[in-house]
file target-v2.txt (compact mmCIF, C-alpha atoms and all ligand atoms)
# COMPACT_ATOMS: atom_id res chain seq x y z
CA MET A 1 0.46 -17.87 14.10
CA SER A 2 1.48 -15.73 11.14
CA ILE A 3 1.57 -12.31 9.49
CA GLY A 4 -1.41 -11.79 7.19
CA LEU A 5 -1.25 -9.61 4.10
CA PHE A 6 -4.33 -8.42 2.28
CA ASP A 7 -4.83 -6.81 -1.12
CA SER A 8 -7.48 -6.79 -3.83
CA GLY A 9 -5.04 -8.76 -5.96
CA VAL A 10 -1.40 -9.27 -6.75
CA GLY A 11 -0.24 -5.73 -5.87
CA GLY A 12 0.31 -6.53 -2.22
CA LEU A 13 2.93 -9.05 -3.29
CA SER A 14 5.24 -6.03 -3.61
CA VAL A 15 4.82 -5.46 0.13
CA ALA A 16 5.02 -9.20 0.82
CA ARG A 17 8.34 -9.39 -1.04
CA ALA A 18 9.90 -6.68 1.15
CA LEU A 19 8.48 -8.19 4.35
CA VAL A 20 9.55 -11.74 3.55
CA ASP A 21 13.05 -10.48 2.79
CA ARG A 22 13.13 -8.48 6.05
CA LEU A 23 11.61 -11.18 8.29
CA PRO A 24 12.54 -14.47 6.58
CA GLU A 25 11.71 -16.63 9.57
CA ALA A 26 8.18 -15.32 10.12
CA ASP A 27 5.19 -17.24 8.73
CA PHE A 28 3.23 -15.35 6.06
CA ILE A 29 -0.25 -15.79 4.67
CA TYR A 30 -1.37 -13.63 1.75
CA LEU A 31 -4.96 -13.14 0.66
CA ALA A 32 -5.84 -11.61 -2.72
CA ASP A 33 -9.51 -10.67 -3.13
CA GLN A 34 -9.31 -11.21 -6.85
CA ALA A 35 -13.01 -12.06 -7.09
CA ASN A 36 -13.69 -8.40 -6.29
CA ALA A 37 -10.61 -6.67 -7.76
CA PRO A 38 -9.99 -3.89 -8.56
CA TYR A 39 -11.03 -1.88 -5.50
CA GLY A 40 -9.91 1.49 -6.88
CA GLY A 41 -13.24 2.50 -8.44
CA ARG A 42 -15.58 0.92 -5.83
CA PRO A 43 -17.81 2.88 -3.45
CA GLY A 44 -16.23 3.34 -0.02
CA GLU A 45 -18.76 1.18 1.85
CA GLU A 46 -17.96 -1.77 -0.39
CA VAL A 47 -14.24 -1.34 0.20
CA VAL A 48 -14.87 -1.32 3.97
CA ASP A 49 -17.01 -4.50 3.85
CA LEU A 50 -14.62 -6.38 1.56
CA THR A 51 -11.60 -5.39 3.63
CA ARG A 52 -13.28 -6.54 6.85
CA ALA A 53 -14.15 -9.88 5.26
CA GLY A 54 -10.53 -10.28 4.13
CA CYS A 55 -9.20 -9.53 7.61
CA GLU A 56 -11.61 -12.04 9.20
CA ARG A 57 -10.48 -14.69 6.74
CA LEU A 58 -6.83 -14.08 7.56
CA PHE A 59 -7.47 -14.13 11.31
CA ASP A 60 -9.39 -17.42 10.84
CA GLU A 61 -6.24 -18.78 9.17
CA GLY A 62 -4.18 -17.85 12.23
CA ALA A 63 -2.81 -14.39 11.43
CA SER A 64 -2.00 -12.27 14.46
CA LEU A 65 -1.52 -9.09 12.43
CA VAL A 66 -3.10 -8.20 9.11
CA VAL A 67 -1.25 -5.69 6.98
CA LEU A 68 -3.51 -4.00 4.45
CA ALA A 69 -1.04 -4.11 1.57
CA CYS A 70 -3.38 -1.91 -0.42
CA ASN A 71 -3.58 1.89 -0.44
CA THR A 72 -7.24 1.95 -1.36
CA ALA A 73 -8.19 -0.25 1.63
CA SER A 74 -5.75 1.59 3.92
CA ALA A 75 -7.09 5.00 2.86
CA ILE A 76 -10.79 4.15 2.93
CA ALA A 77 -11.31 1.28 5.39
CA LEU A 78 -8.50 1.11 7.95
CA ARG A 79 -9.54 3.80 10.40
CA ARG A 80 -13.18 2.67 10.31
CA LEU A 81 -12.24 -0.94 11.00
CA GLN A 82 -9.78 -0.02 13.76
CA GLN A 83 -12.36 2.13 15.49
CA THR A 84 -15.66 0.36 14.99
CA TRP A 85 -14.96 -3.30 14.32
CA LEU A 86 -11.61 -4.45 15.66
CA PRO A 87 -12.11 -3.86 19.42
CA GLY A 88 -15.24 -6.06 19.58
CA TYR A 89 -13.80 -8.64 17.20
CA ARG A 90 -10.60 -8.89 19.25
CA LYS A 91 -12.64 -9.48 22.40
CA ALA A 92 -14.77 -12.15 20.73
CA LEU A 93 -11.66 -13.87 19.36
CA GLY A 94 -9.90 -13.76 22.73
CA ARG A 95 -6.37 -13.23 21.42
CA ALA A 96 -4.05 -10.34 20.50
CA VAL A 97 -4.71 -9.31 16.88
CA ASN A 98 -4.29 -6.06 14.99
CA VAL A 99 -4.75 -4.50 11.54
CA LEU A 100 -2.28 -1.96 10.14
CA GLY A 101 -1.97 -0.19 6.81
CA ILE A 102 0.80 1.08 4.57
CA ILE A 103 0.04 4.77 4.39
CA VAL A 104 1.52 5.76 7.77
CA PRO A 105 5.00 4.38 6.98
CA THR A 106 4.83 5.91 3.49
CA ILE A 107 4.03 9.34 4.87
CA GLU A 108 6.80 9.00 7.44
CA ALA A 109 9.23 8.14 4.62
CA ALA A 110 7.96 11.00 2.44
CA THR A 111 8.14 13.65 5.18
CA GLY A 112 11.18 12.32 7.03
CA LEU A 113 9.13 12.82 10.21
CA PRO A 114 7.49 10.44 12.68
CA TRP A 115 3.72 10.11 12.31
CA GLU A 116 3.12 11.82 15.67
CA HIS A 117 4.80 14.99 14.40
CA GLU A 118 2.51 17.77 13.32
CA ALA A 119 3.90 21.08 12.06
CA GLU A 120 3.86 23.60 14.89
CA ARG A 121 3.98 26.85 13.06
CA ARG A 122 2.07 27.75 9.97
CA GLY A 123 2.96 30.79 7.90
CA ASP A 124 6.75 30.28 8.12
CA LYS A 125 8.56 31.51 5.04
CA ILE A 126 9.02 28.63 2.62
CA GLU A 127 12.29 28.89 0.73
CA ALA A 128 11.61 26.20 -1.88
CA LEU A 129 8.60 24.03 -2.57
CA ASP A 130 9.16 20.31 -2.94
CA ILE A 131 6.69 18.95 -5.51
CA LEU A 132 5.63 15.39 -4.69
CA GLY A 133 3.64 13.41 -7.24
CA VAL A 134 1.44 10.52 -6.08
CA PHE A 135 0.29 7.94 -8.62
CA SER A 136 -2.67 6.00 -7.26
CA THR A 137 -6.10 4.50 -7.85
CA PRO A 138 -9.05 6.91 -8.20
CA GLY A 139 -10.26 5.80 -4.72
CA THR A 140 -7.00 6.71 -3.02
CA ALA A 141 -6.75 9.99 -4.97
CA ALA A 142 -10.33 10.94 -4.02
CA SER A 143 -9.61 10.27 -0.33
CA ARG A 144 -6.86 12.97 -0.54
CA VAL A 145 -5.08 11.11 2.24
CA TYR A 146 -1.58 11.96 1.01
CA GLU A 147 -2.41 15.66 0.49
CA ILE A 148 -4.03 15.98 3.94
CA GLU A 149 -1.54 14.01 6.03
CA ILE A 150 1.58 15.46 4.38
CA ASP A 151 0.25 19.01 4.61
CA LYS A 152 -0.25 18.54 8.38
CA ARG A 153 3.46 17.79 8.75
CA ARG A 154 5.35 19.63 6.00
CA GLN A 155 4.15 22.89 4.50
CA ASP A 156 7.12 22.96 2.16
CA VAL A 157 5.88 19.87 0.32
CA ALA A 158 3.10 20.24 -2.26
CA VAL A 159 1.35 16.98 -3.14
CA PHE A 160 -0.28 16.36 -6.51
CA SER A 161 -2.15 13.10 -7.06
CA GLU A 162 -2.56 11.49 -10.45
CA PRO A 163 -5.34 8.90 -10.53
CA CYS A 164 -4.58 6.00 -12.86
CA PRO A 165 -7.96 4.27 -13.39
CA ASN A 166 -6.79 1.30 -15.48
CA LEU A 167 -3.29 0.59 -14.30
CA ALA A 168 -3.98 -1.80 -11.37
CA ARG A 169 -6.37 -3.80 -13.58
CA LEU A 170 -3.75 -4.08 -16.34
CA ILE A 171 -1.07 -5.23 -13.89
CA GLU A 172 -3.55 -7.62 -12.29
CA SER A 173 -4.22 -9.21 -15.68
CA GLY A 174 -0.49 -9.64 -16.36
CA ALA A 175 -0.50 -7.18 -19.27
CA ASP A 176 2.43 -6.87 -21.60
CA ARG A 177 5.21 -4.59 -20.31
CA ALA A 178 5.16 -2.49 -23.50
CA LEU A 179 1.47 -1.72 -22.93
CA LEU A 180 2.11 -0.93 -19.26
CA ALA A 181 4.99 1.37 -20.23
CA GLU A 182 2.67 3.34 -22.56
CA GLU A 183 -0.03 3.64 -19.89
CA ILE A 184 2.53 4.82 -17.30
CA LYS A 185 4.06 7.34 -19.72
CA GLY A 186 0.59 8.77 -20.31
CA HIS A 187 0.02 9.33 -16.59
CA ILE A 188 3.43 10.88 -16.04
CA GLU A 189 2.76 13.23 -18.93
CA GLY A 190 -0.75 13.92 -17.57
CA LEU A 191 0.69 14.98 -14.22
CA ARG A 192 3.36 17.10 -15.90
CA ARG A 193 0.74 18.93 -17.95
CA ARG A 194 -1.41 19.54 -14.88
CA ILE A 195 1.31 20.99 -12.65
CA GLY A 196 3.40 22.59 -15.39
CA ARG A 197 6.50 20.50 -14.68
CA HIS A 198 7.60 17.09 -13.49
CA PRO A 199 7.48 16.36 -9.74
CA ASP A 200 10.69 16.49 -7.68
CA ARG A 201 9.86 13.12 -6.09
CA ALA A 202 7.12 10.53 -6.49
CA ILE A 203 5.17 7.96 -4.48
CA LEU A 204 3.81 4.88 -6.22
CA GLY A 205 0.64 5.04 -4.14
CA CYS A 206 -0.84 1.74 -5.28
CA THR A 207 0.94 -1.46 -4.39
CA HIS A 208 0.34 -2.87 -7.87
CA TYR A 209 2.55 -0.13 -9.36
CA GLU A 210 5.61 -1.34 -7.42
CA ILE A 211 5.48 -4.51 -9.53
CA VAL A 212 6.55 -2.32 -12.47
CA ALA A 213 8.44 0.39 -10.56
CA ASP A 214 11.23 0.18 -13.17
CA LEU A 215 8.78 1.44 -15.83
CA PHE A 216 8.01 4.51 -13.69
CA VAL A 217 11.75 5.10 -13.18
CA ALA A 218 12.30 4.88 -16.95
CA ALA A 219 9.45 7.31 -17.72
CA LEU A 220 10.18 9.95 -15.05
CA PRO A 221 13.07 12.40 -15.56
CA GLU A 222 16.34 10.67 -14.77
CA GLY A 223 17.19 10.56 -11.08
CA THR A 224 13.67 11.37 -9.78
CA PRO A 225 13.62 9.79 -6.31
CA LEU A 226 10.79 7.33 -5.65
CA ILE A 227 9.45 6.68 -2.15
CA HIS A 228 8.99 2.93 -2.01
CA GLN A 229 6.10 1.78 0.17
CA PRO A 230 7.23 -1.85 0.48
CA ALA A 231 10.60 -0.85 1.94
CA ALA A 232 9.05 1.83 4.17
CA THR A 233 6.45 -0.68 5.41
CA ALA A 234 9.01 -3.42 6.07
CA ASP A 235 11.18 -1.00 8.09
CA ALA A 236 8.21 0.19 10.14
CA LEU A 237 6.88 -3.33 10.77
CA ALA A 238 10.22 -4.73 11.86
CA LEU A 239 10.27 -2.03 14.58
CA TYR A 240 6.61 -2.65 15.41
CA PHE A 241 7.21 -6.35 16.05
CA GLU A 242 10.11 -5.50 18.35
CA ARG A 243 7.74 -3.34 20.39
CA HIS A 244 4.93 -5.95 20.31
CA PRO A 245 6.33 -9.33 21.31
CA GLU A 246 2.78 -10.38 22.27
CA LEU A 247 2.03 -10.78 18.55
CA ASP A 248 3.05 -14.28 17.54
CA ILE A 249 4.30 -14.13 13.93
CA GLY A 250 5.57 -17.71 13.70
CA ALA A 251 9.09 -18.90 13.07
CA GLY A 252 8.75 -21.58 10.38
CA GLY A 253 9.27 -19.39 7.29
CA ALA A 254 5.93 -20.56 5.82
CA ARG A 255 4.41 -18.72 2.85
CA ARG A 256 0.83 -19.34 1.71
CA PHE A 257 -0.98 -17.44 -1.02
CA LEU A 258 -4.78 -17.53 -1.11
CA THR A 259 -7.24 -16.01 -3.57
CA THR A 260 -11.00 -15.50 -3.59
CA GLY A 261 -10.71 -15.68 -7.39
CA THR A 262 -9.42 -18.40 -9.65
CA PRO A 263 -6.60 -20.37 -8.02
CA GLY A 264 -3.46 -21.24 -9.91
CA LEU A 265 -0.26 -19.85 -11.29
CA GLN A 266 -0.04 -16.03 -11.44
CA SER A 267 1.25 -14.15 -14.50
CA ALA A 268 4.79 -14.08 -15.87
CA LEU A 269 4.91 -10.42 -14.81
CA ILE A 270 4.45 -11.56 -11.19
CA ALA A 271 6.92 -14.43 -11.48
CA GLU A 272 9.53 -12.00 -12.80
CA PHE A 273 8.89 -9.59 -9.95
CA TRP A 274 8.76 -12.24 -7.21
CA GLY A 275 11.81 -14.09 -8.47
CA GLY A 276 9.95 -17.35 -9.14
CA PRO A 277 6.46 -18.66 -9.90
CA VAL A 278 3.67 -17.70 -7.49
CA THR A 279 0.70 -20.06 -7.21
CA PHE A 280 -2.49 -19.07 -5.37
CA GLU A 281 -4.70 -21.59 -3.53
CA ALA A 282 -8.48 -21.18 -3.33
CA ALA A 283 -9.43 -19.17 -0.23
N1 LIG B 1 -3.15 -2.54 -4.82
C1 LIG B 1 -4.20 -1.69 -4.44
C2 LIG B 1 -3.80 -0.35 -3.92
O1 LIG B 1 -2.71 -0.22 -3.42
C3 LIG B 1 -5.54 -1.85 -5.03
C4 LIG B 1 -5.69 -1.57 -6.47
C5 LIG B 1 -7.11 -1.80 -6.86
O2 LIG B 1 -7.67 -2.84 -6.50
O3 LIG B 1 -7.70 -0.92 -7.52
O4 LIG B 1 -4.56 0.59 -3.97
call {"tool": "encode", "arguments": {"input": "target-v2.txt", "output": "C-alpha cells"}}
result
Amino acid sequence: MSIGLFDSGVGGLSVARALVDRLPEADFIYLADQANAPYGGRPGEEVVDLTRAGCERLFDEGASLVVLACNTASAIALRRLQQTWLPGYRKALGRAVNVLGIIVPTIEAATGLPWEHEAERRGDKIEALDILGVFSTPGTAASRVYEIEIDKRRQDVAVFSEPCPNLARLIESGADRALLAEEIKGHIEGLRRRIGRHPDRAILGCTHYEIVADLFVAALPEGTPLIHQPAATADALALYFERHPELDIGAGGARRFLTTGTPGLQSALIAEFWGGPVTFEAA
C-alpha cells in the first residue's frame, strides 16, 4: 500500500517533495494527468471527472490515501468526490481509502487556526487589516475558496486573489527561468495595482508555483512572508497518519511517478527543484 499524489502535471511534485522528506519510509505513487493539463481554465465538471479518474487509477495501483496535490482539483472537485463518489467506491473496493486536498492545511497555516474554528463574533473592531495575496489558476480564483474560508475564520485578514492564466502551463513546459521571472513580476505588479499596495503576506495557491517559489520571493517586497502549501500539507498529513493507523502507507520508501502524457525525463527546471532527475512512466 502507498500514499498517492495527484496533480494535472508536475506541480504536485512540490507537495511530493515535502511529503517524501517528512515520511521517508512511506511508499509514494505520483500521477500527473499531463494529457489533460492544465486544469486551471477547464470547466468544473471536467475537473471533477478527471480528478475522479486520477484517484481511481491511484487506488488501482494500491494507494490507501490520495492527496490532491492541486489547488484547482481541491477547490473544485474534492468536496463533490468526498460526498457523492467516495462512500460507494470505498464500499465496492472493500478497503480503507480516502481522498484529501491541500486547501484545508493551507488555510489553517494562513489563519493560525484549526479548520473547525469559525469566528464567533462579527463586527468586532479591527485594529489593522492583514492583506493576504493569493496567486492561483483562474479556476481556483473563480472558486473564491480562499476568500470564503479565510473570511469565515479571520475578519482581520483581507484576501485578494490574482489569477495567473499562463503560469502553470509555462512551468509545466519547463520554461526558461528568465521568462518565468518576467511573468511572475507582471502578476505581482498586477495585484499591487489592483489593491493599491503590495500584500503583507502571500499564498502560492497553485502547486506549480512552488517549483519557482524563489522567483516570487525575489519579486515581492523583501521579507514578505509566504505561506508554503507543501510544508503545511506535510505537517497536517503526518498528524493525520498518526490518527489513522488503519491506512497502510507502506514502509519500503518506494517512489513511482506516472503520467497520462508522454513518459520520460521531466524538465531541467524540475530536476533542479527535486534535487535530481525525475522520470515519469506511462500510466
Ligand atoms: N498545480 C495545479 C494547481 O495547484 C494545477 C495547475 C493547472 O493544471 O492549471 O492548481
call {"tool": "residues_near_ligand", "arguments": {"input": "target-v2.txt", "ligand": "ligand LIG 1 (chain B)", "cutoff": "10 Å", "atoms": "all atoms listed in the file", "output": "PyMOL selection string"}}
result
chain A and resi 6-15+32-34+36-42+47+68-76+102-103+135-141+164-169+171-172+204-210+229
call {"tool": "residues_around", "arguments": {"input": "target-v2.txt", "residues": "Val134 in chain A", "least_positions_apart": "5", "cutoff": "10 Å", "atoms": "all atoms listed in the file", "output": "VMD selection string"}}
result
chain A and resid 140 to 141 146 to 147 159 to 163 191 199 201 to 206 226 to 227
call {"tool": "write_last_selection", "arguments": {"input": "target-v2.txt", "atoms": "C-alpha atoms", "output": "PDB file, in the coordinates of the input"}}
result
ATOM      1  CA  THR A 140      -7.000   6.710  -3.020  1.00  0.00           C
ATOM      2  CA  ALA A 141      -6.750   9.990  -4.970  1.00  0.00           C
ATOM      3  CA  TYR A 146      -1.580  11.960   1.010  1.00  0.00           C
ATOM      4  CA  GLU A 147      -2.410  15.660   0.490  1.00  0.00           C
ATOM      5  CA  VAL A 159       1.350  16.980  -3.140  1.00  0.00           C
ATOM      6  CA  PHE A 160      -0.280  16.360  -6.510  1.00  0.00           C
ATOM      7  CA  SER A 161      -2.150  13.100  -7.060  1.00  0.00           C
ATOM      8  CA  GLU A 162      -2.560  11.490 -10.450  1.00  0.00           C
ATOM      9  CA  PRO A 163      -5.340   8.900 -10.530  1.00  0.00           C
ATOM     10  CA  LEU A 191       0.690  14.980 -14.220  1.00  0.00           C
ATOM     11  CA  PRO A 199       7.480  16.360  -9.740  1.00  0.00           C
ATOM     12  CA  ARG A 201       9.860  13.120  -6.090  1.00  0.00           C
ATOM     13  CA  ALA A 202       7.120  10.530  -6.490  1.00  0.00           C
ATOM     14  CA  ILE A 203       5.170   7.960  -4.480  1.00  0.00           C
ATOM     15  CA  LEU A 204       3.810   4.880  -6.220  1.00  0.00           C
ATOM     16  CA  GLY A 205       0.640   5.040  -4.140  1.00  0.00           C
ATOM     17  CA  CYS A 206      -0.840   1.740  -5.280  1.00  0.00           C
ATOM     18  CA  LEU A 226      10.790   7.330  -5.650  1.00  0.00           C
ATOM     19  CA  ILE A 227       9.450   6.680  -2.150  1.00  0.00           C
TER      20      ILE A 227
END
call {"tool": "residues_around", "arguments": {"input": "target-v2.txt", "residues": "range 267-270 of chain A", "least_positions_apart": "5", "cutoff": "9 Å", "atoms": "all atoms listed in the file", "output": "PyMOL selection string"}}
result
chain A and resi 10+13+171-177+211-212+275-278
call {"tool": "closest_residue", "arguments": {"input": "target-v2.txt", "among": "A:Asp151, A:Asp200, A:Asp130, A:Asp235", "to": "Glu118 in chain A", "atoms": "only C-alpha atoms"}}
result
A:Asp151
call {"tool": "atom_distance", "arguments": {"input": "target-v2.txt", "atom1": "CA of Phe59 in chain A", "atom2": "CA of Leu93 in chain A"}}
result
9.1 Å
call {"tool": "atom_distance", "arguments": {"input": "target-v2.txt", "atom1": "CA of Ala282 in chain A", "atom2": "CA of Arg255 in chain A"}}
result
14.5 Å
call {"tool": "atom_distance", "arguments": {"input": "target-v2.txt", "atom1": "CA of Glu116 in chain A", "atom2": "CA of Arg144 in chain A"}}
result
19.1 Å
call {"tool": "closest_residue", "arguments": {"input": "target-v2.txt", "among": "A:Ile107, A:Leu81, A:Ala26, A:Ile150", "to": "Ala53 in chain A", "atoms": "only C-alpha atoms"}}
result
A:Leu81
call {"tool": "residues_around", "arguments": {"input": "target-v2.txt", "residues": "Leu19 in chain A", "least_positions_apart": "6", "cutoff": "12 Å", "atoms": "all atoms listed in the file", "output": "short mmCIF file (atom, residue, chain, number, x, y, z; two decimals) with C-alpha atoms, in the frame of the given file"}}
result
data_model
loop_
_atom_site.label_atom_id
_atom_site.label_comp_id
_atom_site.auth_asym_id
_atom_site.auth_seq_id
_atom_site.Cartn_x
_atom_site.Cartn_y
_atom_site.Cartn_z
CA ILE A 3 1.57 -12.31 9.49
CA GLY A 4 -1.41 -11.79 7.19
CA LEU A 5 -1.25 -9.61 4.10
CA GLY A 12 0.31 -6.53 -2.22
CA LEU A 13 2.93 -9.05 -3.29
CA GLU A 25 11.71 -16.63 9.57
CA ALA A 26 8.18 -15.32 10.12
CA ASP A 27 5.19 -17.24 8.73
CA PHE A 28 3.23 -15.35 6.06
CA ILE A 29 -0.25 -15.79 4.67
CA TYR A 30 -1.37 -13.63 1.75
CA VAL A 67 -1.25 -5.69 6.98
CA ALA A 69 -1.04 -4.11 1.57
CA GLN A 229 6.10 1.78 0.17
CA PRO A 230 7.23 -1.85 0.48
CA ALA A 231 10.60 -0.85 1.94
CA ALA A 232 9.05 1.83 4.17
CA THR A 233 6.45 -0.68 5.41
CA ALA A 234 9.01 -3.42 6.07
CA ASP A 235 11.18 -1.00 8.09
CA ALA A 236 8.21 0.19 10.14
CA LEU A 237 6.88 -3.33 10.77
CA ALA A 238 10.22 -4.73 11.86
CA PHE A 241 7.21 -6.35 16.05
CA GLY A 253 9.27 -19.39 7.29
CA ARG A 255 4.41 -18.72 2.85
#
call {"tool": "residues_near_point", "arguments": {"input": "target-v2.txt", "point": "(4.8, 20.3, 2.4)", "cutoff": "10 Å", "atoms": "only C-alpha atoms", "output": "ChimeraX atom specification"}}
result
/A:110-111,119,126,128-132,147-159
call {"tool": "write_last_selection", "arguments": {"input": "target-v2.txt", "atoms": "C-alpha atoms", "output": "PDB file, in the coordinates of the input"}}
result
ATOM      1  CA  ALA A 110       7.960  11.000   2.440  1.00  0.00           C
ATOM      2  CA  THR A 111       8.140  13.650   5.180  1.00  0.00           C
ATOM      3  CA  ALA A 119       3.900  21.080  12.060  1.00  0.00           C
ATOM      4  CA  ILE A 126       9.020  28.630   2.620  1.00  0.00           C
ATOM      5  CA  ALA A 128      11.610  26.200  -1.880  1.00  0.00           C
ATOM      6  CA  LEU A 129       8.600  24.030  -2.570  1.00  0.00           C
ATOM      7  CA  ASP A 130       9.160  20.310  -2.940  1.00  0.00           C
ATOM      8  CA  ILE A 131       6.690  18.950  -5.510  1.00  0.00           C
ATOM      9  CA  LEU A 132       5.630  15.390  -4.690  1.00  0.00           C
ATOM     10  CA  GLU A 147      -2.410  15.660   0.490  1.00  0.00           C
ATOM     11  CA  ILE A 148      -4.030  15.980   3.940  1.00  0.00           C
ATOM     12  CA  GLU A 149      -1.540  14.010   6.030  1.00  0.00           C
ATOM     13  CA  ILE A 150       1.580  15.460   4.380  1.00  0.00           C
ATOM     14  CA  ASP A 151       0.250  19.010   4.610  1.00  0.00           C
ATOM     15  CA  LYS A 152      -0.250  18.540   8.380  1.00  0.00           C
ATOM     16  CA  ARG A 153       3.460  17.790   8.750  1.00  0.00           C
ATOM     17  CA  ARG A 154       5.350  19.630   6.000  1.00  0.00           C
ATOM     18  CA  GLN A 155       4.150  22.890   4.500  1.00  0.00           C
ATOM     19  CA  ASP A 156       7.120  22.960   2.160  1.00  0.00           C
ATOM     20  CA  VAL A 157       5.880  19.870   0.320  1.00  0.00           C
ATOM     21  CA  ALA A 158       3.100  20.240  -2.260  1.00  0.00           C
ATOM     22  CA  VAL A 159       1.350  16.980  -3.140  1.00  0.00           C
TER      23      VAL A 159
END
call {"tool": "closest_residue", "arguments": {"input": "target-v2.txt", "among": "A:Thr51, A:Thr106, A:Thr262, A:Gln83", "to": "Ala35 in chain A", "atoms": "only C-alpha atoms"}}
result
A:Thr262
call {"tool": "axis_aligned_box", "arguments": {"input": "target-v2.txt", "around": "range 77-96 of chain A", "padding_each_side": "8 Å", "output": "lines of an AutoDock Vina configuration file"}}
result
center_x = -9.9
center_y = -5.0
center_z = 14.1
size_x = 27.6
size_y = 33.7
size_z = 33.3
call {"tool": "closest_residue", "arguments": {"input": "target-v2.txt", "among": "A:Met1, A:Leu220, A:Ala92, A:Ile184", "to": "Leu58 in chain A", "atoms": "all atoms listed in the file"}}
result
A:Met1
call {"tool": "residues_near_point", "arguments": {"input": "target-v2.txt", "point": "(-3.0, -21.6, -6.1)", "cutoff": "10 Å", "atoms": "all atoms listed in the file", "output": "ChimeraX atom specification"}}
result
/A:256-259,261-266,278-283
call {"tool": "decode", "arguments": {"input": "target-v2.txt", "residues": "range 231-251 of chain A", "atoms": "N, CA and C atoms", "output": "PDB file, in the first residue's frame"}}
result
ATOM      1  N   ALA A 231       4.764  22.477   2.832  1.00  0.00           N
ATOM      2  CA  ALA A 231       5.131  22.277   4.242  1.00  0.00           C
ATOM      3  C   ALA A 231       3.881  22.144   5.100  1.00  0.00           C
ATOM      4  N   ALA A 232       2.884  22.994   4.837  1.00  0.00           N
ATOM      5  CA  ALA A 232       1.642  22.937   5.629  1.00  0.00           C
ATOM      6  C   ALA A 232       0.960  21.580   5.441  1.00  0.00           C
ATOM      7  N   THR A 233       0.977  21.080   4.203  1.00  0.00           N
ATOM      8  CA  THR A 233       0.331  19.794   3.907  1.00  0.00           C
ATOM      9  C   THR A 233       1.096  18.648   4.558  1.00  0.00           C
ATOM     10  N   ALA A 234       2.408  18.689   4.501  1.00  0.00           N
ATOM     11  CA  ALA A 234       3.214  17.613   5.108  1.00  0.00           C
ATOM     12  C   ALA A 234       2.987  17.572   6.619  1.00  0.00           C
ATOM     13  N   ASP A 235       2.944  18.739   7.253  1.00  0.00           N
ATOM     14  CA  ASP A 235       2.686  18.781   8.707  1.00  0.00           C
ATOM     15  C   ASP A 235       1.335  18.162   9.023  1.00  0.00           C
ATOM     16  N   ALA A 236       0.318  18.582   8.268  1.00  0.00           N
ATOM     17  CA  ALA A 236      -1.049  18.108   8.542  1.00  0.00           C
ATOM     18  C   ALA A 236      -1.162  16.600   8.283  1.00  0.00           C
ATOM     19  N   LEU A 237      -0.523  16.119   7.221  1.00  0.00           N
ATOM     20  CA  LEU A 237      -0.649  14.692   6.897  1.00  0.00           C
ATOM     21  C   LEU A 237       0.100  13.806   7.886  1.00  0.00           C
ATOM     22  N   ALA A 238       1.232  14.279   8.368  1.00  0.00           N
ATOM     23  CA  ALA A 238       1.964  13.475   9.356  1.00  0.00           C
ATOM     24  C   ALA A 238       1.063  13.244  10.579  1.00  0.00           C
ATOM     25  N   LEU A 239       0.335  14.281  10.997  1.00  0.00           N
ATOM     26  CA  LEU A 239      -0.593  14.141  12.132  1.00  0.00           C
ATOM     27  C   LEU A 239      -1.769  13.233  11.762  1.00  0.00           C
ATOM     28  N   TYR A 240      -2.251  13.395  10.543  1.00  0.00           N
ATOM     29  CA  TYR A 240      -3.393  12.588  10.073  1.00  0.00           C
ATOM     30  C   TYR A 240      -3.050  11.094  10.108  1.00  0.00           C
ATOM     31  N   PHE A 241      -1.858  10.746   9.657  1.00  0.00           N
ATOM     32  CA  PHE A 241      -1.486   9.316   9.646  1.00  0.00           C
ATOM     33  C   PHE A 241      -1.334   8.778  11.068  1.00  0.00           C
ATOM     34  N   GLU A 242      -0.911   9.637  11.987  1.00  0.00           N
ATOM     35  CA  GLU A 242      -0.854   9.177  13.392  1.00  0.00           C
ATOM     36  C   GLU A 242      -2.246   8.835  13.897  1.00  0.00           C
ATOM     37  N   ARG A 243      -3.230   9.628  13.465  1.00  0.00           N
ATOM     38  CA  ARG A 243      -4.614   9.396  13.928  1.00  0.00           C
ATOM     39  C   ARG A 243      -5.296   8.276  13.148  1.00  0.00           C
ATOM     40  N   HIS A 244      -4.734   7.890  11.998  1.00  0.00           N
ATOM     41  CA  HIS A 244      -5.389   6.876  11.149  1.00  0.00           C
ATOM     42  C   HIS A 244      -4.449   5.720  10.826  1.00  0.00           C
ATOM     43  N   PRO A 245      -4.137   4.924  11.844  1.00  0.00           N
ATOM     44  CA  PRO A 245      -3.226   3.801  11.602  1.00  0.00           C
ATOM     45  C   PRO A 245      -3.838   2.735  10.689  1.00  0.00           C
ATOM     46  N   GLU A 246      -5.161   2.826  10.460  1.00  0.00           N
ATOM     47  CA  GLU A 246      -5.791   1.839   9.559  1.00  0.00           C
ATOM     48  C   GLU A 246      -5.364   2.061   8.105  1.00  0.00           C
ATOM     49  N   LEU A 247      -4.818   3.252   7.797  1.00  0.00           N
ATOM     50  CA  LEU A 247      -4.368   3.495   6.426  1.00  0.00           C
ATOM     51  C   LEU A 247      -2.930   2.993   6.283  1.00  0.00           C
ATOM     52  N   ASP A 248      -2.778   1.994   5.449  1.00  0.00           N
ATOM     53  CA  ASP A 248      -1.461   1.394   5.232  1.00  0.00           C
ATOM     54  C   ASP A 248      -0.711   2.237   4.198  1.00  0.00           C
ATOM     55  N   ILE A 249       0.386   2.870   4.606  1.00  0.00           N
ATOM     56  CA  ILE A 249       1.119   3.749   3.671  1.00  0.00           C
ATOM     57  C   ILE A 249       2.474   3.152   3.274  1.00  0.00           C
ATOM     58  N   GLY A 250       2.649   1.871   3.554  1.00  0.00           N
ATOM     59  CA  GLY A 250       3.872   1.183   3.146  1.00  0.00           C
ATOM     60  C   GLY A 250       5.052   1.571   4.002  1.00  0.00           C
ATOM     61  N   ALA A 251       6.148   0.864   3.817  1.00  0.00           N
ATOM     62  CA  ALA A 251       7.336   1.135   4.631  1.00  0.00           C
ATOM     63  C   ALA A 251       8.608   0.862   3.845  1.00  0.00           C
TER      64      ALA A 251
END
